[in-house]
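Here the structure is laid out as structure tokens; the discussion comes afterwards.
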Amino acid sequence: MRSVALRATLVGMGANFALFVLKATATGLSDSLTIYSETLNSLADLVAAVAILICVRWAWKHPDESHPFGHRRAEPVAGLLVAIFTGILGFEVCRTAVINLLTAAVPERIGPYPIAALCVTAVAKTAMAVFFARRARQLHSPAFRATAVDCRNDVLVAAVGLIAVVLAHYELRMLDNLAALLVGGYILYAGHSVGMENIDYLMGRAPDSALLADIRRAAEAVAGIREIDEIRAHYVGTFVHVELTARVDGRLSTTESHLLAEAARDAVEMLPLVNRAFVHIEPARG
């Protein structure tokens with residue numbers, strides 16, 4: 001799985017680098033603020049890909065003496081850094097767009113190359129959204145899931161930018177600044193969303209009710225478990241640690257109770273997102 005994650009990250013890095021070069025060239029040939037903001041958006045995507053590559057290398061390392069529960073927190077740390085950088089870029093784009101709107105500054109040069117660059121971006125980001133959505137399901141990776149959502153949103157942003165640039169090319173130039181403001185607002189929103197998600201992972205947020213229900217069903221399916229009393233779970237990085245109380249026949253020996261606890265632990269740890277399960281045994285009521 002680690003090799004699959006690394007290959008997927010390298011694909012994303014290569015694609016984002018190519019798009020960054022394409023749009024940076026378009027920025028050099030045009031003074032469109034929409035193209036400039038798209039270039040910064042691609043730069044943020046490239047930085048995100050580099051951060052994800054670094055965190056994937058760390059996150060999939062085996063537990064060691066200094067990190068007995070593994071290194072999965074590396075992924076949300078990288079995501080938080082990316083969110084901060086994305087927010088800075090979004091603020092800069094919005095600031096420039098507002099200044100241009102207040103001063104009535106409009107682009108003088110647009111040309112066909114920037115329009116073609118946005119068309120290529122929309123097609124490439126559509127393919128990347130499909131690719132990373134599949135990898136997210138395969139690896140249960142929130143980083144790849146966020147990347148897939150970001151690529152899907154980038155398609156919409158590129159489409160808005162394309163419409164604005166085409167209209168600006170035909171003398172409706174003030175729309176370029178309005179589109180840049182929209183793109184900048186989206187970059188800010190994306191940075192905030194990614195940041196909050198990864199803060200939740202670092203703070204040990206509880207998983208959703210569907211996963212808690214799956215945990216309960218997996219433990220209750222073990223023969224000899226009478227009842228599951230309490231389940232507490234939280235994220236450790238991108239995986240989940242679970243503590244649960246299982247009630248068994250009070251007449252069982254210590255060894256038999258221990259074997260049931262191990263069986264319940266193994267059943268819960270078979271769930272894809274669960275990294276560790278800790279089972280406490282108590283006698284059944286009545």
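How things are named: the first chain in the structure tokens is A, the next is B, and so on; residues count from 1 in each chain; ligands count from 1 in the order shown.
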What are the DSSP alpha helix (DSSP H) residues of region 68-279 of chain A, as a ChimeraX atom specification? /A:74-103,112-139,142-169,174-202,209-220,254-269
Go through region 125-202 of chain A and flag each residue having an atom no more than 9 Å from region 48-61 of chain A; for those, report the closest pair of atoms plus their distance in Å to one decimal, using only C-alpha atoms, ordered by chain and rising number, as CSV.
```
residue,atom,partner,partner_atom,distance
A:Ala143,CA,A:Ile52,CA,7.3
A:Phe144,CA,A:Ile52,CA,8.7
A:Thr147,CA,A:Ala48,CA,8.8
```
Contacts of Val4 (chain A) at 12 Å (only C-alpha atoms; same-chain gap of 2+ positions) as a PyMOL selection string: chain A and resi 1-2+6-11+53+56-57+60+132+134-136+138-139+141+144
With a distance cut-off of 9 Å and only C-alpha atoms, select the neighbouring residues of Leu260 (chain A), excluding the residue or stretch itself and same-chain residues fewer than 3 positions from it, and output the selection as an mmCIF file with C-alpha atoms, in the first residue's frame.
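Written output follows (selection_7.cif):
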```cif
data_model
loop_
_atom_site.group_PDB
_atom_site.id
_atom_site.type_symbol
_atom_site.label_atom_id
_atom_site.label_comp_id
_atom_site.auth_asym_id
_atom_site.auth_seq_id
_atom_site.Cartn_x
_atom_site.Cartn_y
_atom_site.Cartn_z
ATOM 1 C CA VAL A 222 -17.853 -12.542 18.202
ATOM 2 C CA ALA A 223 -19.323 -15.699 19.727
ATOM 3 C CA GLY A 224 -19.366 -15.385 23.516
ATOM 4 C CA ILE A 225 -19.725 -11.598 23.624
ATOM 5 C CA VAL A 248 -19.253 -11.854 28.823
ATOM 6 C CA THR A 255 -8.081 -17.375 30.175
ATOM 7 C CA GLU A 256 -11.435 -17.765 28.408
ATOM 8 C CA SER A 257 -12.295 -14.108 28.984
ATOM 9 C CA ALA A 263 -11.154 -12.176 19.364
ATOM 10 C CA ALA A 264 -13.133 -8.939 19.745
ATOM 11 C CA ARG A 265 -9.964 -6.892 19.284
ATOM 12 C CA ILE A 281 -13.969 -7.363 29.716
#
```
Contacts of region 89-100 of chain A at 6 Å or less, counting only C-alpha atoms, minus same-chain residues fewer than 2 places along, as a ChimeraX atom specification? /A:37,86-87,102-105,177,181,184,187-188
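Between Leu178 (chain A) and the candidates A:Asp266, A:Gly12, A:Leu29, A:Thr34, the tightest atom-to-atom separation, counting only C-alpha atoms, involves A:Thr34.
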Nearby residues (only C-alpha atoms) at most 7 Å from Tyr235 (chain A), same-chain spacing under 5 positions excluded, as a list in words | Tyr201, Gly204, Arg205, Ala206, Pro207, Val240 and His241 of chain A
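Reported to one decimal place, the separation of CA of Val82 (chain A) from CA of Pro114 (chain A) is 26.4 Å.
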Near-Leu80 (chain A) list (8 Å; only C-alpha atoms; drop same-chain fewer than 3 positions) as a PyMOL selection string:
chain A and resi 76-77+83-84+194-195+198-199
Those selected residues, please, written with C-alpha atoms and delivered as a short mmCIF file (atom, residue, chain, number, x, y, z; two decimals), in the first residue's frame.
```cif
data_model
loop_
_atom_site.label_atom_id
_atom_site.label_comp_id
_atom_site.auth_asym_id
_atom_site.auth_seq_id
_atom_site.Cartn_x
_atom_site.Cartn_y
_atom_site.Cartn_z
CA PRO A 76 -2.55 15.91 9.06
CA VAL A 77 0.53 17.96 10.07
CA ALA A 83 -3.80 24.99 4.56
CA ILE A 84 -1.79 27.89 6.03
CA VAL A 194 -8.44 21.61 4.76
CA GLY A 195 -7.09 23.26 7.88
CA ASN A 198 -6.62 18.27 9.72
CA ILE A 199 -6.92 20.08 13.05
#
```
### Task
Quote the spacing between CA of Asn41 (chain A) and CA of Ala159 (chain A) in Å to one decimal place.
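Separation between CA of Asn41 (chain A) and CA of Ala159 (chain A): 14.0 Å.
Remark: for Glu269 (chain A), the closest of the candidate residues A:Val160, A:Ile215, A:Ala221, A:Cys119 is A:Ile215 (distances computed over only C-alpha atoms).
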Correct to one decimal, the distance CA of Asp64 (chain A)-CA of Val47 (chain A) is 28.5 Å
